[in-house]
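Student: Sharing a structure with you now.
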Amino acid sequence: MATDTAIPPRPARPPPWHDARIRGIVYQILFVAVVVAFVAFLVHNTLVNLRRQNIASGFGFLDREAAFGIGESLIAYSPADTYARAFLVGLLNTLYVSALGIVLATVLGTVMGIARLSSNWLIRKLAQVYVETFRNIPLLLQLFFWWALLREGAPAPRQAWELLPGVLVSNRGFVYPVPTADPVHHWMLLAFALGIAGAIGVSRWSKRRQALTGAQFPTGWVGAALILGLPLLVFIAAGMPLQLDWPELKGFNFVGGGAVSPEFAALLIGLTIYTGSFVAEIVRAGILAVSWGQSEAASALGLKPGQCMRLIVLPQALRVIVPPMTSEYLSLTKNSSLAVAIGYPDLVSIAGTTMNQTGQAVEGIAMIMAVYLAISLLISLFMNLYNRAVALVER
Amino acid sequence: MADVDVTQELPIPVERPLPVAAGPLAWLRANLFNSIPNTILTIAALYLLAVIIPPVVRWAVVDAVWHGETGRACRGGGACWAFVAEKGRFILFGRYPYAEHWRPLFTVVIFIAMILASRDRRLWGRRLAILWLAGLAAVGALMRGGVLGMTYVETSLWNGLPLTLILAAIGVVFAFPLAILLALGRRSRLPAVRAICVGYIELVRGVPLITVLFMASVMLPLFLPTGVTIDKLLRAQVAFILFAAAYLAEIVRGGLQAIPRGQYEAAEALGLGYWRRTRLIVLPQALAMVIPPLVNSFIGGFKNTSLVIIIGLFDFLGTANAALTDVNWQGFYIEAYVFTAAIYWTFCFFMSRYSQMLEREFNRGRRR
Amino acid sequence: MSDSAVETRAGEPIIELRHVDKWYGEFRALKDINLEVKKGERVVVCGPSGSGKSTMIRCINRLEEHQQGQIIVAGIELTANVKNIEAIRREVGMVFQQFNLFPHLTVLENLTLAPIWVRKSPRKEAEETARLYLERVRIPEQADKYPGQLSGGQQQRVAIARSLCMKPEIMLFDEPTSALDPEMIKEVLDVMIELAREGMTMVCVTHEMGFARTVADTMVFMDRGEIVERGPPAEFFANPRSDRTKLFLSQILSH
């Protein structure tokens, strides 16, 4: 049979106004044009308005002297420093309170989340009361409450409450004793590092031993004993030198020791308790998400409840917990910006003062947004990497 | 039938369950003291409660003062509910003209009615949108006045609870259409459209609400042609709408992704164009799935409106703070905040219960 | 009662249920169950849904608790005593309807997990046993894959191998093929038939009557929480005595 050796004809090209690809390109051009025109309109207006009000543009103001004081700072700062340095102080304060808040909220939230699943009715109900109460009240209100409590409810330094020996609460904040520097601290640090190394070593050794002989070893307890015990031994061997710098009442306030302002304390307490309630729900949902059949299969194989939790439930629960957890961490970092309402000098607060003084609101807001955006993108990146690393392998 | 050789006489089995775990004592044993760690926890918890609750009850009820003209009436350690009684109307309605307080009160009632009515499934769909738009229009007319013989009240006097509800409701209702467009745009095959939508969503979700409020409050006047002024309330409202739209867009996108590909394909096979497909097939299904997170968004928005105090608007939290500055009533911040917190809590708690119930129903119906 | 497994000789009772009752609140799920399974015996339990068949076998390894009566497995009485429960679970293997493989572990890790952590066996030994049983269920090449990458039939065979790696005396099957697509049922049943041929004591809840006819020594019919009828398959299918049995068989053995 004769075969047709001619090249099969190509499908006819539609006229341009029906061609889907060309239509797509045209739509996009139109859309982008509209957006660009709109943005140009805004920018034009902004420049005109700024000029009329004699407000400068650009980031030159960062090199000027800031001329305002900052209540608390992690690095040295004086009003003679530049605006740029002031921003740095604010950024560090934000990161500091956020990092502490994240750690504390995680601990509190995890404990409460597990408590909500407890077999003890009282504990379960108390945890539920905690979650339902603090989840449903705006964070700002909680911050105002703690701040007012610490500023007006707490007594003057002369009548400060003593929570623990040396730990005092007054309307100027918390003060606590700080150990003075001592050579033994270096040795303790060394012992701590050795303890960590030892714990890792014991863990490796016990895994290998279990693989070879099947015998099990209480790695967790021994590791903890090494990490905590070695520094303690060093401390005792050196004769227990504990010189504390006690806060002393001089005049109207305390000197010495460590201090935490009421603003910082209120912000930290509020953020921790509020975010902790959301973390509790995430942890609870994560543990519940592991299907009941998994624990049944594990029990049927003879695994003890502790082993079942460690080897089967927790690894699977963590996969469900980590994504919303990192969202909460991000939320907490963004929520720390509420510090501006209670007077803690975080990034937004300092940027606000700067904007008031220089009038350069656009640049200030742009800088704040850029910083938070960078933090968000970093955290999202981390989460995506984590997700990809632990994703369950499926068809 | 093989008989089991029973060496012991077992009692004759009864039809009804044995009274193995009945009565309060048995319940206590099973739920509170069923193991050593639990027993310790129970005792510790009971001790904690014993230390905390009696002083709180003493403060809040026993020693409390319920009536008084000024703060001096509240000497003594108890709670000063007289403060709430005297300043309550101010906290609820702010500086709205005293004689016209029935109008914001009615506004709050309308909102509560709309929220309760929204639970009716039969309304879900276009009728719900009409209900809310009509309700918001009614609220706007009521608060503003100038029509039907009501005196005009400028927006800076719209304070307290009505302001909170207005900001939250208008924020969500107007953000919704924008969110749908953003979600569709994010899933578009046209790269430019997709990029712009993704950019907007990620930008807004990555920054704190306070910066969006600052931006609206400070920069919006700059964006507008010289001479055009914009009401402060409107600025805050725009900020909420833009902010909520980004979060809602992600929720709608989740709904769009949850629709099986087969739906899209069937609609295409029937010859429906993109917009018709989206309007008739895709969106109705996506939006039905999206209702529980939508309720959560409203709850979040409701709590977020408290931030407007930072840009100088007096919502429900702002009026509480303002009430505290009254010279006659100094230092009753606990009472003020507890009162405010109780009302916020009531709204949020019941709405979140409702959305949890919805979510449970949806998950049950979709069991694979 | 001793708390370590008693060596049972073939033909002696290895599972005994005596007057077992179980309630879920007010609802009585098991009514006066009396059952004796000898070592090497294969028992198939059938019945309509809700009849308590799954509940009964889940009571045997304490995934459910019975309120009244006695359950004795391999000479150990099943009570709230944790040591007894652990000892019994070492001797009893269970295969679930939903497979319940651990998705975050490879097939090999699924199989070696319990021998390493419960029987404290060295890793090499555990892996050898695991590969042996993977051969027995005819999927040795899947050892390093994850459960999500396998078909339903393969997953269930892995689940069977996982239980076998603990070298149990008894195997319990709770509707092992009910969640499988039809073309995969045969491969799982083939494995179970082979297991039976090697003399494993089996208690199997299933709807697969062809399998029952091939393998079972005793058929047990349960309805509404009680054992209605029992007997060798030949009699059971040919001459059911009770009307309820007749009704059930007519529904399930149609066409």
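Chain identifiers are assigned as A, B, and so on, following the order in which chains appear in the structure tokens; residues are numbered from 1 within each chain, and ligands are numbered from 1 in order of appearance.
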Neighbours of Phe134 (chain A) within 10 Å (only C-alpha atoms; same-chain residues fewer than 3 positions away dropped), as a list in words?
Tutor: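 Here the answer would be Val129, Tyr130, Val131, Ile137, Pro138, Leu139, Gln142, Gly270, Ile273, Tyr274, Thr275, Gly276, Ser277 and Phe278 of chain A; Ala341 and Trp345 of chain B.
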Student: Can you write out the residues you just picked, keeping C-alpha atoms, as a short mmCIF file (atom, residue, chain, number, x, y, z; two decimals), in the first residue's frame?
Tutor:
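So out-v2.cif came out as:
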```
data_model
loop_
_atom_site.label_atom_id
_atom_site.label_comp_id
_atom_site.auth_asym_id
_atom_site.auth_seq_id
_atom_site.Cartn_x
_atom_site.Cartn_y
_atom_site.Cartn_z
CA VAL A 129 -9.63 27.59 80.22
CA TYR A 130 -6.18 29.03 79.56
CA VAL A 131 -6.42 28.55 75.81
CA ILE A 137 -8.93 38.66 73.95
CA PRO A 138 -7.00 41.10 71.72
CA LEU A 139 -3.27 41.07 72.32
CA GLN A 142 -3.55 42.04 77.26
CA GLY A 270 1.78 39.38 77.04
CA ILE A 273 0.83 34.06 77.15
CA TYR A 274 -1.08 35.10 74.00
CA THR A 275 1.08 33.17 71.53
CA GLY A 276 1.32 30.24 73.94
CA SER A 277 -2.42 29.70 73.64
CA PHE A 278 -2.14 29.35 69.87
CA ALA B 341 -12.00 42.02 77.83
CA TRP B 345 -14.19 37.62 74.75
#
```
Student: Using 9 Å as the limit and counting only C-alpha atoms, can you tabulate each residue of chain A that touches chain C, with its shortest atom-to-atom distance in Å and the two atoms involved, as a Markdown table?
Tutor:
```
| residue | atom | partner | partner_atom | distance |
| --- | --- | --- | --- | --- |
| A:Arg209 | CA | C:Pro122 | CA | 8.4 |
| A:Gln210 | CA | C:Pro122 | CA | 6.2 |
| A:Ala211 | CA | C:Arg123 | CA | 4.4 |
| A:Leu212 | CA | C:Pro122 | CA | 4.9 |
| A:Thr213 | CA | C:Pro122 | CA | 4.5 |
| A:Gly214 | CA | C:Pro122 | CA | 3.9 |
| A:Ala215 | CA | C:Lys120 | CA | 5.9 |
| A:Gln216 | CA | C:Lys120 | CA | 7.2 |
| A:Ser291 | CA | C:Asn100 | CA | 8.7 |
| A:Gly293 | CA | C:Asn100 | CA | 5.7 |
| A:Gln294 | CA | C:Asn100 | CA | 5.6 |
| A:Ser295 | CA | C:Asn100 | CA | 8.9 |
| A:Glu296 | CA | C:Leu63 | CA | 7.0 |
| A:Ala297 | CA | C:Asn100 | CA | 6.2 |
| A:Ala298 | CA | C:Ala114 | CA | 8.1 |
| A:Ser299 | CA | C:Arg89 | CA | 7.7 |
| A:Ala300 | CA | C:Arg89 | CA | 5.9 |
| A:Leu301 | CA | C:Ala114 | CA | 6.1 |
| A:Gly302 | CA | C:Arg89 | CA | 5.2 |
| A:Leu303 | CA | C:Val118 | CA | 6.1 |
| A:Lys304 | CA | C:Glu86 | CA | 8.0 |
| A:Gln307 | CA | C:Trp117 | CA | 8.0 |
| A:Leu311 | CA | C:Leu113 | CA | 8.9 |
| A:Ile312 | CA | C:Phe102 | CA | 7.1 |
| A:Pro315 | CA | C:His104 | CA | 7.6 |
| A:Gln316 | CA | C:His104 | CA | 7.0 |
| A:Val390 | CA | C:His104 | CA | 8.5 |
| A:Ala391 | CA | C:His104 | CA | 8.5 |
| A:Leu392 | CA | C:His104 | CA | 5.9 |
| A:Val393 | CA | C:Gly148 | CA | 6.0 |
| A:Glu394 | CA | C:Gly148 | CA | 4.2 |
| A:Arg395 | CA | C:Gln149 | CA | 4.5 |
```
Student: Find the residues in chain C near chain B: any atom within 7 Å counts, using only C-alpha atoms. Write them as a list in words.
Tutor: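 Per the criterion, chain C yields Trp23, Glu26, Asp32, Asn34 and Arg230 of chain C.
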Student: Tell me as a PyMOL selection string which residues belonging to chain A come within 8 Å of chain B, counting only C-alpha atoms.
Tutor: chain A and resi 24-25+28+31-32+42-43+45-46+48-50+119-123+132-133+136-141+145+148-149+152+334-335+337-338+340-341+348+361-362+365+368-369+372-373+376-377
Student: With only C-alpha atoms as the counted atoms, please give the residues lying no more than 9 Å from region 55-62 of chain A, apart from itself and same-chain residues fewer than 5 positions off, as a PDB file with N, CA, C and O atoms, in the first residue's frame.
Tutor:
```pdb
ATOM      1  N   LEU A  47       5.453  62.824  45.488  1.00  0.00           N
ATOM      2  CA  LEU A  47       6.582  63.739  45.344  1.00  0.00           C
ATOM      3  C   LEU A  47       6.115  65.193  45.385  1.00  0.00           C
ATOM      4  O   LEU A  47       6.724  66.038  46.030  1.00  0.00           O
ATOM      5  N   ASN A  49       3.429  66.417  46.843  1.00  0.00           N
ATOM      6  CA  ASN A  49       3.018  66.762  48.206  1.00  0.00           C
ATOM      7  C   ASN A  49       4.212  66.959  49.126  1.00  0.00           C
ATOM      8  O   ASN A  49       4.241  67.861  49.957  1.00  0.00           O
ATOM      9  N   LEU A  50       5.199  66.085  48.972  1.00  0.00           N
ATOM     10  CA  LEU A  50       6.376  66.205  49.836  1.00  0.00           C
ATOM     11  C   LEU A  50       7.093  67.517  49.582  1.00  0.00           C
ATOM     12  O   LEU A  50       7.512  68.207  50.514  1.00  0.00           O
ATOM     13  N   THR A  82      23.811  58.457  65.423  1.00  0.00           N
ATOM     14  CA  THR A  82      23.010  58.711  64.234  1.00  0.00           C
ATOM     15  C   THR A  82      21.674  57.981  64.301  1.00  0.00           C
ATOM     16  O   THR A  82      21.468  57.074  65.103  1.00  0.00           O
ATOM     17  N   TYR A  83      20.792  58.419  63.384  1.00  0.00           N
ATOM     18  CA  TYR A  83      19.512  57.731  63.240  1.00  0.00           C
ATOM     19  C   TYR A  83      19.743  56.276  62.863  1.00  0.00           C
ATOM     20  O   TYR A  83      18.998  55.386  63.269  1.00  0.00           O
ATOM     21  N   ALA A  84      20.775  56.044  62.056  1.00  0.00           N
ATOM     22  CA  ALA A  84      21.041  54.666  61.635  1.00  0.00           C
ATOM     23  C   ALA A  84      21.305  53.787  62.862  1.00  0.00           C
ATOM     24  O   ALA A  84      20.793  52.671  62.964  1.00  0.00           O
ATOM     25  N   ARG A  85      22.087  54.321  63.786  1.00  0.00           N
ATOM     26  CA  ARG A  85      22.367  53.532  64.982  1.00  0.00           C
ATOM     27  C   ARG A  85      21.092  53.331  65.823  1.00  0.00           C
ATOM     28  O   ARG A  85      20.876  52.283  66.404  1.00  0.00           O
ATOM     29  N   PHE A  87      18.115  53.077  64.671  1.00  0.00           N
ATOM     30  CA  PHE A  87      17.384  51.992  64.018  1.00  0.00           C
ATOM     31  C   PHE A  87      17.951  50.637  64.419  1.00  0.00           C
ATOM     32  O   PHE A  87      17.216  49.671  64.683  1.00  0.00           O
ATOM     33  N   THR A 358      11.859  63.843  61.574  1.00  0.00           N
ATOM     34  CA  THR A 358      12.362  64.234  60.250  1.00  0.00           C
ATOM     35  C   THR A 358      11.252  64.465  59.249  1.00  0.00           C
ATOM     36  O   THR A 358      11.463  65.034  58.192  1.00  0.00           O
ATOM     37  N   GLY A 359      10.076  63.989  59.571  1.00  0.00           N
ATOM     38  CA  GLY A 359       8.979  64.147  58.622  1.00  0.00           C
ATOM     39  C   GLY A 359       9.056  63.172  57.466  1.00  0.00           C
ATOM     40  O   GLY A 359       8.183  63.141  56.604  1.00  0.00           O
ATOM     41  N   GLN A 360      10.119  62.339  57.422  1.00  0.00           N
ATOM     42  CA  GLN A 360      10.278  61.463  56.260  1.00  0.00           C
ATOM     43  C   GLN A 360       9.571  60.139  56.509  1.00  0.00           C
ATOM     44  O   GLN A 360      10.188  59.121  56.784  1.00  0.00           O
ATOM     45  N   VAL A 362       7.741  58.271  54.462  1.00  0.00           N
ATOM     46  CA  VAL A 362       7.816  57.242  53.424  1.00  0.00           C
ATOM     47  C   VAL A 362       9.040  56.363  53.623  1.00  0.00           C
ATOM     48  O   VAL A 362       8.959  55.133  53.615  1.00  0.00           O
ATOM     49  N   GLU A 363      10.185  57.015  53.829  1.00  0.00           N
ATOM     50  CA  GLU A 363      11.410  56.229  53.997  1.00  0.00           C
ATOM     51  C   GLU A 363      11.339  55.374  55.250  1.00  0.00           C
ATOM     52  O   GLU A 363      11.741  54.216  55.261  1.00  0.00           O
ATOM     53  N   GLY A 364      10.815  55.969  56.327  1.00  0.00           N
ATOM     54  CA  GLY A 364      10.743  55.233  57.591  1.00  0.00           C
ATOM     55  C   GLY A 364       9.897  53.975  57.453  1.00  0.00           C
ATOM     56  O   GLY A 364      10.301  52.882  57.842  1.00  0.00           O
TER      57      GLY A 364
END
```
Student: Measure the distance from CA of Ala99 (chain A) to CA of Ile282 (chain A) in Å and round it to one decimal.
Tutor: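 Separating CA of Ala99 (chain A) from CA of Ile282 (chain A) is a distance of 19.1 Å.
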Student: Interatomic distance between CA of Leu358 (chain B) and CA of Ile291 (chain B)?
Tutor: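 That distance, rounded to one decimal, is 8.1 Å.
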Student: Assign secondary structure with DSSP using the backbone only, and return the residues of region 6-230 of chain C in alpha helix (DSSP H) as a PyMOL selection string.
Tutor: chain C and resi 53-60+82-91+107-117+123-136+152-164+182-197+209-215
Student: Near Trp329 (chain B), within 8 Å and counting only C-alpha atoms, which residues show up once chain neighbours fewer than 5 positions away are dropped, as number ranges by chain?
Tutor: B: 70-72, 83, 324
Student: Could you tell me how far CA of Ser217 (chain B) sits from CA of Tyr152 (chain B), in Å to one decimal place?
Tutor: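 CA of Ser217 (chain B) lies at a distance of 24.2 Å from CA of Tyr152 (chain B).
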Student: Enumerate the residues of region 37-180 of chain C with a DSSP assignment of strand (DSSP E or B), computed from the backbone, and present them as a compact mmCIF listing (two decimals) with N, CA and C atoms, in the first residue's frame.
Tutor:
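Output file selection_13.txt is given in full below:
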```txt
# COMPACT_ATOMS: atom_id res chain seq x y z
N VAL C 37 -9.43 -21.66 71.30
CA VAL C 37 -8.66 -21.86 70.08
C VAL C 37 -7.46 -22.71 70.44
N LYS C 38 -7.26 -23.82 69.72
CA LYS C 38 -6.13 -24.68 70.02
C LYS C 38 -4.93 -24.23 69.20
N ARG C 42 -7.02 -22.90 62.92
CA ARG C 42 -7.36 -21.68 62.17
C ARG C 42 -8.85 -21.44 62.33
N VAL C 43 -9.17 -20.29 62.94
CA VAL C 43 -10.56 -19.93 63.18
C VAL C 43 -10.91 -18.74 62.31
N VAL C 44 -12.01 -18.84 61.57
CA VAL C 44 -12.48 -17.70 60.78
C VAL C 44 -13.78 -17.21 61.40
N VAL C 45 -13.84 -15.92 61.71
CA VAL C 45 -15.02 -15.33 62.34
C VAL C 45 -15.73 -14.49 61.29
N CYS C 46 -17.03 -14.76 61.12
CA CYS C 46 -17.77 -13.94 60.15
C CYS C 46 -19.05 -13.45 60.80
N GLN C 68 -16.01 -8.14 81.77
CA GLN C 68 -16.35 -9.32 82.56
C GLN C 68 -15.85 -10.56 81.86
N GLY C 69 -15.55 -11.56 82.64
CA GLY C 69 -15.09 -12.82 82.06
C GLY C 69 -13.58 -12.90 82.06
N GLN C 70 -13.09 -14.01 81.50
CA GLN C 70 -11.64 -14.21 81.50
C GLN C 70 -11.15 -14.41 80.08
N ILE C 71 -9.99 -13.87 79.82
CA ILE C 71 -9.31 -14.15 78.55
C ILE C 71 -7.92 -14.65 78.92
N ILE C 72 -7.59 -15.84 78.41
CA ILE C 72 -6.29 -16.43 78.74
C ILE C 72 -5.57 -16.73 77.44
N VAL C 73 -4.39 -16.15 77.26
CA VAL C 73 -3.63 -16.33 76.03
C VAL C 73 -2.29 -16.95 76.38
N ILE C 76 -1.28 -17.02 79.92
CA ILE C 76 -1.27 -15.79 80.70
C ILE C 76 -2.67 -15.20 80.70
N GLU C 77 -3.14 -14.80 81.90
CA GLU C 77 -4.46 -14.19 81.92
C GLU C 77 -4.38 -12.72 81.59
N VAL C 92 1.39 -12.31 70.30
CA VAL C 92 0.24 -12.19 69.40
C VAL C 92 0.54 -11.13 68.37
N GLY C 93 0.42 -11.49 67.10
CA GLY C 93 0.63 -10.52 66.04
C GLY C 93 -0.72 -10.08 65.49
N MET C 94 -0.82 -8.82 65.06
CA MET C 94 -2.10 -8.33 64.55
C MET C 94 -1.95 -7.65 63.22
N VAL C 95 -2.85 -7.94 62.30
CA VAL C 95 -2.87 -7.29 60.99
C VAL C 95 -4.19 -6.52 60.89
N ILE C 170 0.58 -16.57 67.74
CA ILE C 170 -0.78 -16.44 67.21
C ILE C 170 -0.80 -15.23 66.27
N MET C 171 -1.56 -15.33 65.19
CA MET C 171 -1.76 -14.17 64.33
C MET C 171 -3.25 -13.84 64.29
N LEU C 172 -3.56 -12.55 64.54
CA LEU C 172 -4.94 -12.10 64.46
C LEU C 172 -5.09 -11.24 63.20
N PHE C 173 -6.15 -11.45 62.45
CA PHE C 173 -6.39 -10.65 61.24
C PHE C 173 -7.75 -9.98 61.37
N ASP C 174 -7.76 -8.65 61.31
CA ASP C 174 -9.03 -7.91 61.41
C ASP C 174 -9.41 -7.38 60.04
```
Student: My list of candidates is B:Asp326, B:Asp315, B:Glu359, B:Glu265. Which is closest to Trp158 (chain B) when distances are computed with only C-alpha atoms?
Tutor: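 Checking each of B:Asp326, B:Asp315, B:Glu359, B:Glu265 against Trp158 (chain B), counting only C-alpha atoms, the winner is B:Asp315.
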Student: Find the residues near region 68-70 of chain A: any atom within 7 Å, counting only C-alpha atoms, skip ones fewer than 5 places away on the same chain, and give them as a list of chain:residue names.
Tutor: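 Close residues of region 68-70 of chain A: A:Ser78, A:Pro79, A:Pro345.
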Student: Take the residues just selected and output them with N, CA and C atoms as a tab-separated table (two decimals), in the first residue's frame.
Tutor:
```tsv
chain	number	residue	atom	x	y	z
A	78	SER	N	23.75	56.73	72.53
A	78	SER	CA	23.50	58.02	73.16
A	78	SER	C	22.81	58.89	72.14
A	79	PRO	N	22.13	59.96	72.61
A	79	PRO	CA	21.42	60.81	71.65
A	79	PRO	C	22.33	61.44	70.61
A	345	PRO	N	11.04	50.47	73.34
A	345	PRO	CA	11.67	51.01	72.11
A	345	PRO	C	12.05	49.92	71.11
```
Student: Skip Met219 (chain C) itself and residues of its chain fewer than 5 positions away, then list as a ChimeraX atom specification all residues within 12 Å of it, counting only C-alpha atoms.
Tutor: /B:1 /C:35,37,41-47,202-207,209,211-214,227-237,240,245
Student: Keeping only N, CA, C and O atoms, take the residues you just selected and write them out as a short mmCIF file (atom, residue, chain, number, x, y, z; two decimals), in the first residue's frame.
Tutor:
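Result file follows (part.cif):
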```cif
data_model
loop_
_atom_site.label_atom_id
_atom_site.label_comp_id
_atom_site.auth_asym_id
_atom_site.auth_seq_id
_atom_site.Cartn_x
_atom_site.Cartn_y
_atom_site.Cartn_z
N MET B 1 -21.73 -27.83 69.97
CA MET B 1 -21.00 -26.64 70.38
C MET B 1 -20.02 -27.05 71.47
O MET B 1 -20.41 -27.61 72.49
N LEU C 35 -15.04 -19.07 73.83
CA LEU C 35 -14.34 -19.52 72.64
C LEU C 35 -13.03 -20.16 73.06
O LEU C 35 -12.37 -19.69 73.98
N VAL C 37 -9.43 -21.66 71.30
CA VAL C 37 -8.66 -21.86 70.08
C VAL C 37 -7.46 -22.71 70.44
O VAL C 37 -6.70 -22.38 71.34
N GLU C 41 -4.69 -24.18 65.33
CA GLU C 41 -6.03 -24.14 64.76
C GLU C 41 -6.22 -22.85 63.98
O GLU C 41 -5.68 -21.81 64.34
N ARG C 42 -7.02 -22.90 62.92
CA ARG C 42 -7.36 -21.68 62.17
C ARG C 42 -8.85 -21.44 62.33
O ARG C 42 -9.67 -22.24 61.92
N VAL C 43 -9.17 -20.29 62.94
CA VAL C 43 -10.56 -19.93 63.18
C VAL C 43 -10.91 -18.74 62.31
O VAL C 43 -10.20 -17.75 62.30
N VAL C 44 -12.01 -18.84 61.57
CA VAL C 44 -12.48 -17.70 60.78
C VAL C 44 -13.78 -17.21 61.40
O VAL C 44 -14.71 -18.00 61.62
N VAL C 45 -13.84 -15.92 61.71
CA VAL C 45 -15.02 -15.33 62.34
C VAL C 45 -15.73 -14.49 61.29
O VAL C 45 -15.12 -13.65 60.63
N CYS C 46 -17.03 -14.76 61.12
CA CYS C 46 -17.77 -13.94 60.15
C CYS C 46 -19.05 -13.45 60.80
O CYS C 46 -19.44 -13.89 61.88
N GLY C 47 -19.69 -12.51 60.13
CA GLY C 47 -20.93 -11.97 60.68
C GLY C 47 -21.21 -10.60 60.11
O GLY C 47 -20.32 -10.00 59.51
N MET C 202 -4.26 -19.11 63.75
CA MET C 202 -4.80 -17.87 63.20
C MET C 202 -6.24 -17.66 63.63
O MET C 202 -7.03 -18.60 63.64
N VAL C 203 -6.58 -16.41 64.00
CA VAL C 203 -7.98 -16.04 64.17
C VAL C 203 -8.23 -14.91 63.18
O VAL C 203 -7.59 -13.86 63.25
N CYS C 204 -9.16 -15.14 62.28
CA CYS C 204 -9.28 -14.22 61.16
C CYS C 204 -10.71 -13.76 61.02
O CYS C 204 -11.63 -14.57 60.92
N VAL C 205 -10.91 -12.41 61.04
CA VAL C 205 -12.23 -11.86 60.76
C VAL C 205 -12.24 -11.48 59.28
O VAL C 205 -11.41 -10.69 58.85
N THR C 206 -13.12 -12.03 58.52
CA THR C 206 -13.09 -11.73 57.09
C THR C 206 -14.43 -12.00 56.44
O THR C 206 -15.29 -12.68 57.00
N HIS C 207 -14.60 -11.43 55.23
CA HIS C 207 -15.79 -11.76 54.44
C HIS C 207 -15.46 -12.71 53.30
O HIS C 207 -16.32 -13.05 52.51
N MET C 209 -15.21 -15.78 51.86
CA MET C 209 -15.66 -17.13 52.21
C MET C 209 -14.87 -18.20 51.47
O MET C 209 -14.70 -19.31 51.97
N PHE C 211 -11.68 -18.14 50.89
CA PHE C 211 -10.51 -18.31 51.75
C PHE C 211 -10.88 -19.15 52.97
O PHE C 211 -10.15 -20.07 53.36
N ALA C 212 -12.06 -18.83 53.55
CA ALA C 212 -12.47 -19.56 54.75
C ALA C 212 -12.61 -21.05 54.44
O ALA C 212 -12.15 -21.91 55.20
N ARG C 213 -13.22 -21.35 53.34
CA ARG C 213 -13.41 -22.75 53.01
C ARG C 213 -12.07 -23.48 52.86
O ARG C 213 -11.92 -24.63 53.24
N THR C 214 -11.07 -22.75 52.28
CA THR C 214 -9.77 -23.40 52.06
C THR C 214 -9.03 -23.64 53.36
O THR C 214 -8.40 -24.68 53.56
N ILE C 227 -21.90 -15.27 69.92
CA ILE C 227 -21.55 -16.33 68.99
C ILE C 227 -22.82 -17.16 68.76
O ILE C 227 -23.36 -17.75 69.68
N VAL C 228 -23.27 -17.14 67.53
CA VAL C 228 -24.53 -17.83 67.23
C VAL C 228 -24.29 -19.28 66.87
O VAL C 228 -25.05 -20.17 67.26
N GLU C 229 -23.21 -19.47 66.08
CA GLU C 229 -23.00 -20.83 65.61
C GLU C 229 -21.53 -21.05 65.35
O GLU C 229 -20.81 -20.13 65.01
N ARG C 230 -21.07 -22.24 65.54
CA ARG C 230 -19.70 -22.55 65.16
C ARG C 230 -19.61 -24.00 64.70
O ARG C 230 -20.43 -24.82 65.06
N GLY C 231 -18.58 -24.25 63.90
CA GLY C 231 -18.43 -25.63 63.43
C GLY C 231 -17.45 -25.71 62.28
O GLY C 231 -16.99 -24.69 61.79
N PRO C 232 -17.10 -26.91 61.85
CA PRO C 232 -16.19 -27.07 60.71
C PRO C 232 -16.86 -26.51 59.46
O PRO C 232 -18.08 -26.56 59.33
N PRO C 233 -16.06 -25.97 58.53
CA PRO C 233 -16.61 -25.25 57.37
C PRO C 233 -17.58 -26.08 56.56
O PRO C 233 -18.60 -25.57 56.11
N ALA C 234 -17.25 -27.32 56.40
CA ALA C 234 -18.12 -28.15 55.55
C ALA C 234 -19.55 -28.11 56.06
O ALA C 234 -20.49 -27.78 55.33
N GLU C 235 -19.71 -28.43 57.35
CA GLU C 235 -21.06 -28.39 57.94
C GLU C 235 -21.62 -26.99 57.92
O GLU C 235 -22.79 -26.76 57.65
N PHE C 236 -20.76 -26.01 58.26
CA PHE C 236 -21.22 -24.63 58.43
C PHE C 236 -21.85 -24.11 57.15
O PHE C 236 -22.93 -23.50 57.19
N PHE C 237 -21.20 -24.34 56.05
CA PHE C 237 -21.74 -23.80 54.79
C PHE C 237 -22.88 -24.65 54.26
O PHE C 237 -23.83 -24.16 53.67
N PRO C 240 -26.21 -24.84 57.80
CA PRO C 240 -26.26 -23.93 58.94
C PRO C 240 -27.49 -24.22 59.78
O PRO C 240 -28.57 -24.47 59.24
N THR C 245 -27.82 -17.42 60.81
CA THR C 245 -26.69 -17.85 59.98
C THR C 245 -27.13 -18.03 58.54
O THR C 245 -26.46 -17.62 57.60
#
```
Student: Tell me which protein, DNA and RNA residues are within 10 Å of Thr155 (chain B), counting only C-alpha atoms, leaving out same-chain ones fewer than 5 positions away, and put them as a ChimeraX atom specification.
Tutor: /B:96,143-144,163,231-234,313
